[in-house]
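What follows is a set of notes on a single structure, which appears directly below.
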Amino acid sequence: MPDYRAVRNMNEANRKAPAHRARFQSTVERLIRELQNLRGSFAAMCAAQGKYSSNLFIHVAAKAVQSDVLIRLIRFVDDGEAASFWYLHRCEPRKVAEGIDIAKLQDFSRRLKLVRDKVFVHIEKDEMFDPERAYKDAAIKVSEIEETIETLWAVINRLYLEQSGKPFTNRPQSTLDSLIQDFTRDFTKLSSE
């Protein structure tokens with residue numbers, strides 16, 4: 001039998017909650033799934049990195065996965081009005097920033113935006129003849145991408161747990177390293193066929 005007092009108290013708390021509460025909760029729900037996909041794409045990218053396959057499909061797919069990682073990261077750290085990490089941070093800065101280096105994440109976001117604006121989503125006329133320059137200027141390393149994904153995963157998981165009362169578990173792998181190992185195993189099998 002449901003505890004009606006708990007439901008009534010929860011409804012009362014929701015009425016008193018800030019106006020952003022529903023959008024905040026929906027954003028957490030969306031971002032946890034987006035981040036799960038980002039982790040999978042990143043693991044696939046790492047599995048294919050530096051490996052050769054004569055299979056043309058695998059070659060093109062590996063490049064597509066790199067693009068997927070970038071666009072998912074870009075969406076995640078968009079600083080506009082979109083439902084992104086920075087939206088959550090604007091709504092509840094202390095809660096979202098708990099335990100992470102916000103300045104480091106802001107710097108990463110800024111550098112990723114350079115790539116986004118100059119060559120990835122738009123093609124600026126100044127970058128047309130040297131598209132690699134934007135990537136070099138941004139100086140984003142794979143290790144920074146991994147660290148950012150892990151940081152975001154910890155924050156969004158914590159927020160998800162706080163609002164739903166249960167951890168987000170859609171895949172049994174709990175670490176990025178275990179995902180990379182699984183993707184490497186599968187990549188090896190696929191490229192040897």
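Please note that chains go A, B, ... in the order of the structure tokens, that every chain numbers its residues from 1, and that ligands are numbered from 1 in the order shown.
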* Do you know which residues are at most 8 Å from Thr27 in chain A counting only C-alpha atoms, after dropping those on the same chain fewer than 5 positions away, and could you put them as an NGL selection string? -> :A and (83-84 or 88)
* What lies within 7 Å of range 134-141 of chain A using only C-alpha atoms, ignoring chain neighbours under 6 positions off, as a VMD selection string? -> chain A and resid 111 to 112 114 to 115 118 to 119
Selection above as a file: N, CA, C and O atoms, as a compact mmCIF listing (two decimals), in the first residue's frame:
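File produced: result-v7.txt:
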# COMPACT_ATOMS: atom_id res chain seq x y z
N ARG A 111 37.64 25.83 -24.97
CA ARG A 111 38.50 25.34 -26.06
C ARG A 111 37.71 24.46 -27.04
O ARG A 111 37.92 24.52 -28.25
N LEU A 112 36.79 23.67 -26.51
CA LEU A 112 35.96 22.84 -27.38
C LEU A 112 35.05 23.71 -28.24
O LEU A 112 34.81 23.41 -29.42
N LEU A 114 35.80 26.59 -29.44
CA LEU A 114 36.62 27.09 -30.55
C LEU A 114 36.57 26.13 -31.74
O LEU A 114 36.40 26.55 -32.88
N VAL A 115 36.74 24.87 -31.45
CA VAL A 115 36.69 23.85 -32.51
C VAL A 115 35.30 23.82 -33.13
O VAL A 115 35.15 23.81 -34.35
N LYS A 118 34.72 27.09 -35.27
CA LYS A 118 35.60 27.37 -36.40
C LYS A 118 35.59 26.30 -37.49
O LYS A 118 35.70 26.63 -38.66
N VAL A 119 35.47 25.03 -37.11
CA VAL A 119 35.59 23.99 -38.15
C VAL A 119 34.61 22.83 -38.02
O VAL A 119 34.35 22.14 -39.00
* Asked: Which is closest to Ser164 in chain A among A:Ser54, A:Gln25, A:His20, A:Gln36, if we use only C-alpha atoms?
  -> A:Gln25
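With only C-alpha atoms as the atoms that count, the residue of A:Tyr52, A:Phe129, A:Tyr160, A:Phe120 with the shortest distance to Leu31 in chain A is A:Tyr160.
Those residues of range 85-124 of chain A that DSSP, working from the backbone, places in alpha helix (DSSP H) are Phe85, Trp86, Tyr87, Leu88, His89, Arg90, Cys91, Pro93, Arg94, Lys95, Val96, Ala97, Ile102, Ala103, Lys104, Leu105, Gln106, Asp107, Phe108, Ser109, Arg110, Arg111, Leu112, Lys113, Leu114 and Val115 of chain A.
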* What is the distance, in Å and to one decimal place, between CA of Gly99 in chain A and CA of Ile156 in chain A? -> 12.2 Å
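CA of Asn157 in chain A is found 17.5 Å from CA of Ala22 in chain A.
Note that the spacing between CA of Glu29 in chain A and CA of Glu81 in chain A amounts to 17.1 Å.
Of the residues listed (A:Leu38, A:Ala48, A:Ile74, A:Val155), A:Val155 shows the shortest atom-to-atom separation from Asp101 in chain A; distances use only C-alpha atoms.
The nearest approach to Phe76 in chain A among the residues A:Arg33, A:His59, A:Lys51, A:Lys95, with only C-alpha atoms taken into account, belongs to A:Arg33.
When only C-alpha atoms are used to measure the gap to Arg30 in chain A, the shortest distance among A:Leu159, A:Met45, A:Leu176, A:Glu146 belongs to A:Leu159.
For Arg158 in chain A, the set of protein, DNA and RNA residues having any atom at most 12 Å away, when counting only C-alpha atoms and skipping those fewer than 3 positions along the same chain, is Val28, Glu29, Ile32, Lys95, Val96, Ala97, Glu98, Gly99, Thr151, Leu152, Trp153, Ala154, Val155, Leu161, Glu162, Gln163, Ser164, Gly165, Lys166, Pro167 and Phe168 of chain A.
For the choices A:Ala43, A:Arg110, A:Glu132, A:Thr148, the atom-to-atom distance to Phe183 in chain A is smallest for A:Ala43 when using only C-alpha atoms.
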